[in-house]
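Below is one structure, written out as structure tokens; comments come after it.
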Amino acid sequence: MTIQTQIQPTAAESALLDAFGGALGQLPGDAAVTTQRSTLIQGIKNAGLPTRRRESWHYTDLRSLLRSVPASQTSVTPDTAAPLVAGSLVLGVANGVASAAAAISGGSVKTYAESLRDGSALKGLTLRDADDTVARLNGAFVTDGYGINLPDGYASERPVEVQFAQGGGFFNTRLTAHIGAGAKATLIERHLAGGQAPR
């Protein structure tokens, strides 16, 4: 007879579980999304963060390397930047919160928080396999981002740049894009870190 013993969580694992418990009521999502978030974080509670004993993490002992989880620095205003290509349509996400979605002529854009709230994001909150820890944590904690849809035959010379800016800490965002058959577009995903505390 084999008896399964629960692992003793590390400080980082405890911090992740505590952060999830404290944030669950504020994370966007309908009932099904909220249930899936809880299922995803349960994997950390049951098995902990991956070690080299897991084949897909053979070269990285995340459980030993991750010592703490930084608090989100929402008091720090993240720096923004001019688009990499002049004239681009810029969609911003600052400290895990998307600005109002701008219109894309001939296509559509929706904030990821909207997709979480109406449940349409549920099908994306899945794992590639049991060791997909990055997707597990992101799916549990994701707050916002964008979903971009460019239909078949879409064509535009104007690039779309999505800027993810954060002042520091633990933020989880997503960008999904559906590019239809024969579509011609330039989509830039850009990450910016740092900022200034308000005076």
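Following the order of the structure tokens, chains are lettered A, B, ..., residues in each are numbered from 1, and ligands are numbered from 1.
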Please identify all polymer residues within 7 Å of region 87-101 of chain A, counting only C-alpha atoms, omitting same-chain residues fewer than 2 positions from it, and present them as a ChimeraX atom specification. /A:74,78,83,85,103,109-111,143-145,158-167,171-173
Serialized selection, C-alpha atoms, as a compact mmCIF listing (two decimals), in the first residue's frame:
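Saved result, selection_9.txt, follows:
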# COMPACT_ATOMS: atom_id res chain seq x y z
CA THR A 74 1.14 49.03 -8.37
CA PRO A 78 5.53 52.07 -15.65
CA PRO A 83 6.21 52.72 -30.93
CA VAL A 85 7.50 51.72 -36.02
CA ALA A 103 -10.53 49.77 -32.96
CA VAL A 109 -9.66 43.65 -30.54
CA LYS A 110 -10.95 42.81 -27.09
CA THR A 111 -9.33 43.12 -23.68
CA THR A 143 -5.57 39.65 -15.12
CA ASP A 144 -5.67 41.25 -18.56
CA GLY A 145 -4.11 41.67 -21.98
CA ARG A 158 -0.33 49.96 -40.22
CA PRO A 159 1.46 47.84 -37.61
CA VAL A 160 -0.17 47.03 -34.26
CA GLU A 161 2.17 47.22 -31.25
CA VAL A 162 1.07 45.78 -27.91
CA GLN A 163 3.12 47.26 -25.07
CA PHE A 164 3.20 45.38 -21.76
CA ALA A 165 4.71 47.80 -19.21
CA GLN A 166 5.15 47.13 -15.53
CA GLY A 167 6.72 48.94 -12.63
CA PHE A 171 1.93 40.45 -13.02
CA ASN A 172 0.38 37.95 -15.42
CA THR A 173 -0.98 39.00 -18.80
According to DSSP computed on the backbone, where in region 90-156 of chain A is there alpha helix (DSSP H)? Give the residues as a PyMOL selection string. chain A and resi 112-117+133-141
Could you take the residues named above and write them with N, CA and C atoms, as a compact mmCIF listing (two decimals), in the first residue's frame?
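Wrote part-v9.txt, looks like this:
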# COMPACT_ATOMS: atom_id res chain seq x y z
N TYR A 112 -8.40 41.14 -22.64
CA TYR A 112 -8.45 39.76 -22.14
C TYR A 112 -9.33 39.67 -20.90
N ALA A 113 -9.39 40.77 -20.12
CA ALA A 113 -10.26 40.77 -18.94
C ALA A 113 -11.72 40.57 -19.35
N GLU A 114 -12.12 41.18 -20.47
CA GLU A 114 -13.49 40.98 -20.97
C GLU A 114 -13.72 39.51 -21.30
N SER A 115 -12.72 38.87 -21.94
CA SER A 115 -12.85 37.47 -22.31
C SER A 115 -12.91 36.57 -21.08
N LEU A 116 -12.20 36.95 -20.02
CA LEU A 116 -12.28 36.20 -18.77
C LEU A 116 -13.67 36.36 -18.15
N ARG A 117 -14.17 37.59 -18.15
CA ARG A 117 -15.47 37.84 -17.52
C ARG A 117 -16.61 37.15 -18.26
N THR A 133 4.28 24.46 -15.97
CA THR A 133 4.16 25.32 -14.80
C THR A 133 3.93 26.78 -15.17
N VAL A 134 4.54 27.24 -16.25
CA VAL A 134 4.36 28.64 -16.67
C VAL A 134 2.89 28.90 -17.01
N ALA A 135 2.29 28.01 -17.80
CA ALA A 135 0.87 28.16 -18.15
C ALA A 135 -0.01 27.98 -16.92
N ARG A 136 0.40 27.12 -16.00
CA ARG A 136 -0.37 26.89 -14.77
C ARG A 136 -0.45 28.18 -13.95
N LEU A 137 0.70 28.82 -13.73
CA LEU A 137 0.72 30.05 -12.94
C LEU A 137 0.05 31.21 -13.68
N ASN A 138 0.34 31.34 -14.98
CA ASN A 138 -0.26 32.41 -15.74
C ASN A 138 -1.78 32.26 -15.78
N GLY A 139 -2.26 31.05 -16.00
CA GLY A 139 -3.70 30.83 -16.06
C GLY A 139 -4.39 31.11 -14.74
N ALA A 140 -3.70 30.80 -13.64
CA ALA A 140 -4.28 31.05 -12.32
C ALA A 140 -4.36 32.54 -12.02
N PHE A 141 -3.33 33.30 -12.43
CA PHE A 141 -3.21 34.69 -12.02
C PHE A 141 -3.50 35.73 -13.11
Write out as a ChimeraX atom specification the residues lying within 6 Å of region 71-73 of chain A, counting only C-alpha atoms and excluding same-chain residues fewer than 5 positions away. /A:167-170
From a DSSP pass on the backbone, collect the residues of region 9-189 of chain A flagged as strand (DSSP E) and hand them back as a CSV table (one decimal) with N, CA and C atoms, in the first residue's frame.
chain,number,residue,atom,x,y,z
A,77,THR,N,4.5,53.9,-11.5
A,77,THR,CA,3.9,54.1,-12.8
A,77,THR,C,4.9,53.6,-13.9
A,78,PRO,N,4.6,52.6,-14.7
A,78,PRO,CA,5.5,52.1,-15.6
A,78,PRO,C,5.8,53.1,-16.8
A,89,LEU,N,-0.5,51.5,-34.4
A,89,LEU,CA,-1.5,51.5,-33.4
A,89,LEU,C,-1.0,50.9,-32.2
A,90,VAL,N,-1.0,51.6,-31.0
A,90,VAL,CA,-0.4,51.1,-29.8
A,90,VAL,C,-1.5,50.7,-28.9
A,91,LEU,N,-1.5,49.4,-28.4
A,91,LEU,CA,-2.4,48.9,-27.3
A,91,LEU,C,-1.5,48.7,-26.1
A,92,GLY,N,-1.9,49.4,-25.0
A,92,GLY,CA,-1.1,49.4,-23.8
A,92,GLY,C,-1.7,48.5,-22.7
A,93,VAL,N,-0.8,47.9,-21.9
A,93,VAL,CA,-1.1,47.1,-20.7
A,93,VAL,C,-0.2,47.6,-19.7
A,94,ALA,N,-0.7,48.3,-18.6
A,94,ALA,CA,0.2,48.9,-17.6
A,94,ALA,C,-0.1,48.2,-16.3
A,97,VAL,N,-3.0,45.8,-16.4
A,97,VAL,CA,-4.3,46.3,-16.7
A,97,VAL,C,-4.3,46.9,-18.1
A,98,ALA,N,-5.1,46.4,-19.0
A,98,ALA,CA,-5.2,47.0,-20.4
A,98,ALA,C,-5.9,48.3,-20.4
A,108,SER,N,-10.8,43.1,-35.2
A,108,SER,CA,-11.3,43.4,-33.9
A,108,SER,C,-10.3,43.1,-32.8
A,109,VAL,N,-10.5,43.8,-31.7
A,109,VAL,CA,-9.7,43.6,-30.5
A,109,VAL,C,-10.5,43.7,-29.3
A,110,LYS,N,-10.2,42.9,-28.3
A,110,LYS,CA,-11.0,42.8,-27.1
A,110,LYS,C,-10.0,42.7,-25.9
A,111,THR,N,-10.2,43.3,-24.8
A,111,THR,CA,-9.3,43.1,-23.7
A,111,THR,C,-9.5,41.7,-23.2
A,144,ASP,N,-5.2,40.5,-17.4
A,144,ASP,CA,-5.7,41.2,-18.6
A,144,ASP,C,-4.7,41.0,-19.7
A,145,GLY,N,-4.9,41.8,-20.8
A,145,GLY,CA,-4.1,41.7,-22.0
A,145,GLY,C,-5.0,42.0,-23.1
A,146,TYR,N,-4.8,41.3,-24.3
A,146,TYR,CA,-5.6,41.6,-25.4
A,146,TYR,C,-5.9,40.3,-26.2
A,147,GLY,N,-7.0,40.3,-26.9
A,147,GLY,CA,-7.3,39.3,-27.9
A,147,GLY,C,-7.5,40.0,-29.2
A,148,ILE,N,-6.7,39.7,-30.2
A,148,ILE,CA,-6.8,40.3,-31.5
A,148,ILE,C,-7.2,39.3,-32.6
A,149,ASN,N,-8.2,39.8,-33.4
A,149,ASN,CA,-8.7,38.9,-34.4
A,149,ASN,C,-8.6,39.6,-35.8
A,150,LEU,N,-7.9,39.0,-36.7
A,150,LEU,CA,-7.7,39.6,-38.0
A,150,LEU,C,-8.3,38.5,-39.0
A,160,VAL,N,0.5,47.0,-35.6
A,160,VAL,CA,-0.2,47.0,-34.3
A,160,VAL,C,0.9,46.6,-33.3
A,161,GLU,N,1.2,47.5,-32.3
A,161,GLU,CA,2.2,47.2,-31.3
A,161,GLU,C,1.5,47.1,-29.9
A,162,VAL,N,1.6,46.0,-29.3
A,162,VAL,CA,1.1,45.8,-27.9
A,162,VAL,C,2.2,46.0,-26.9
A,163,GLN,N,2.1,47.0,-26.1
A,163,GLN,CA,3.1,47.3,-25.1
A,163,GLN,C,2.7,46.8,-23.7
A,164,PHE,N,3.4,45.8,-23.1
A,164,PHE,CA,3.2,45.4,-21.8
A,164,PHE,C,4.2,46.1,-20.9
A,165,ALA,N,3.8,47.0,-20.1
A,165,ALA,CA,4.7,47.8,-19.2
A,165,ALA,C,4.4,47.5,-17.8
A,166,GLN,N,5.4,47.3,-16.9
A,166,GLN,CA,5.1,47.1,-15.5
A,166,GLN,C,6.2,47.8,-14.7
A,173,THR,N,-0.2,38.5,-17.7
A,173,THR,CA,-1.0,39.0,-18.8
A,173,THR,C,-0.9,38.0,-20.0
A,174,ARG,N,-1.8,38.2,-20.9
A,174,ARG,CA,-1.8,37.4,-22.1
A,174,ARG,C,-2.1,38.2,-23.4
A,175,LEU,N,-1.6,37.7,-24.5
A,175,LEU,CA,-1.9,38.3,-25.8
A,175,LEU,C,-2.3,37.1,-26.7
A,176,THR,N,-3.5,37.1,-27.2
A,176,THR,CA,-3.9,36.0,-28.1
A,176,THR,C,-4.2,36.7,-29.5
A,177,ALA,N,-3.8,36.0,-30.5
A,177,ALA,CA,-4.1,36.6,-31.9
A,177,ALA,C,-4.5,35.5,-32.8
A,178,HIS,N,-5.6,35.8,-33.5
A,178,HIS,CA,-6.1,34.9,-34.6
A,178,HIS,C,-5.8,35.6,-35.9
A,179,ILE,N,-5.0,35.1,-36.7
A,179,ILE,CA,-4.6,35.7,-38.0
A,179,ILE,C,-5.3,34.8,-39.1
A,187,LEU,N,2.3,42.6,-36.4
A,187,LEU,CA,1.9,42.6,-35.0
A,187,LEU,C,3.2,42.5,-34.1
A,188,ILE,N,3.4,43.5,-33.3
A,188,ILE,CA,4.6,43.6,-32.4
A,188,ILE,C,4.2,43.5,-31.0
A,189,GLU,N,4.8,42.5,-30.3
A,189,GLU,CA,4.6,42.4,-28.8
A,189,GLU,C,5.9,42.9,-28.1
Spatial neighbours of region 7-16 of chain A, max dist 9 Å, only C-alpha atoms, sep filter under 5 positions, as a short mmCIF file (atom, residue, chain, number, x, y, z; two decimals) with C-alpha atoms, in the first residue's frame:
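Result file follows (around-v8.cif):
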data_model
loop_
_atom_site.label_atom_id
_atom_site.label_comp_id
_atom_site.auth_asym_id
_atom_site.auth_seq_id
_atom_site.Cartn_x
_atom_site.Cartn_y
_atom_site.Cartn_z
CA GLY A 21 -6.10 33.12 -2.03
CA ILE A 41 -3.21 26.52 -8.65
CA ILE A 44 1.20 23.79 -7.20
CA LYS A 45 -0.32 22.87 -3.84
CA ASN A 46 -0.26 19.15 -4.65
CA ALA A 47 3.10 18.75 -6.38
CA GLY A 48 4.98 21.98 -5.75
CA LEU A 49 7.13 23.78 -8.27
CA ARG A 63 11.68 24.80 -6.73
CA SER A 64 15.16 25.57 -5.40
CA LEU A 66 12.59 30.53 -6.79
CA ARG A 67 13.10 31.80 -3.24
CA SER A 68 10.33 34.40 -3.05
CA VAL A 69 7.52 36.02 -5.03
CA LEU A 137 0.72 30.05 -12.94
#
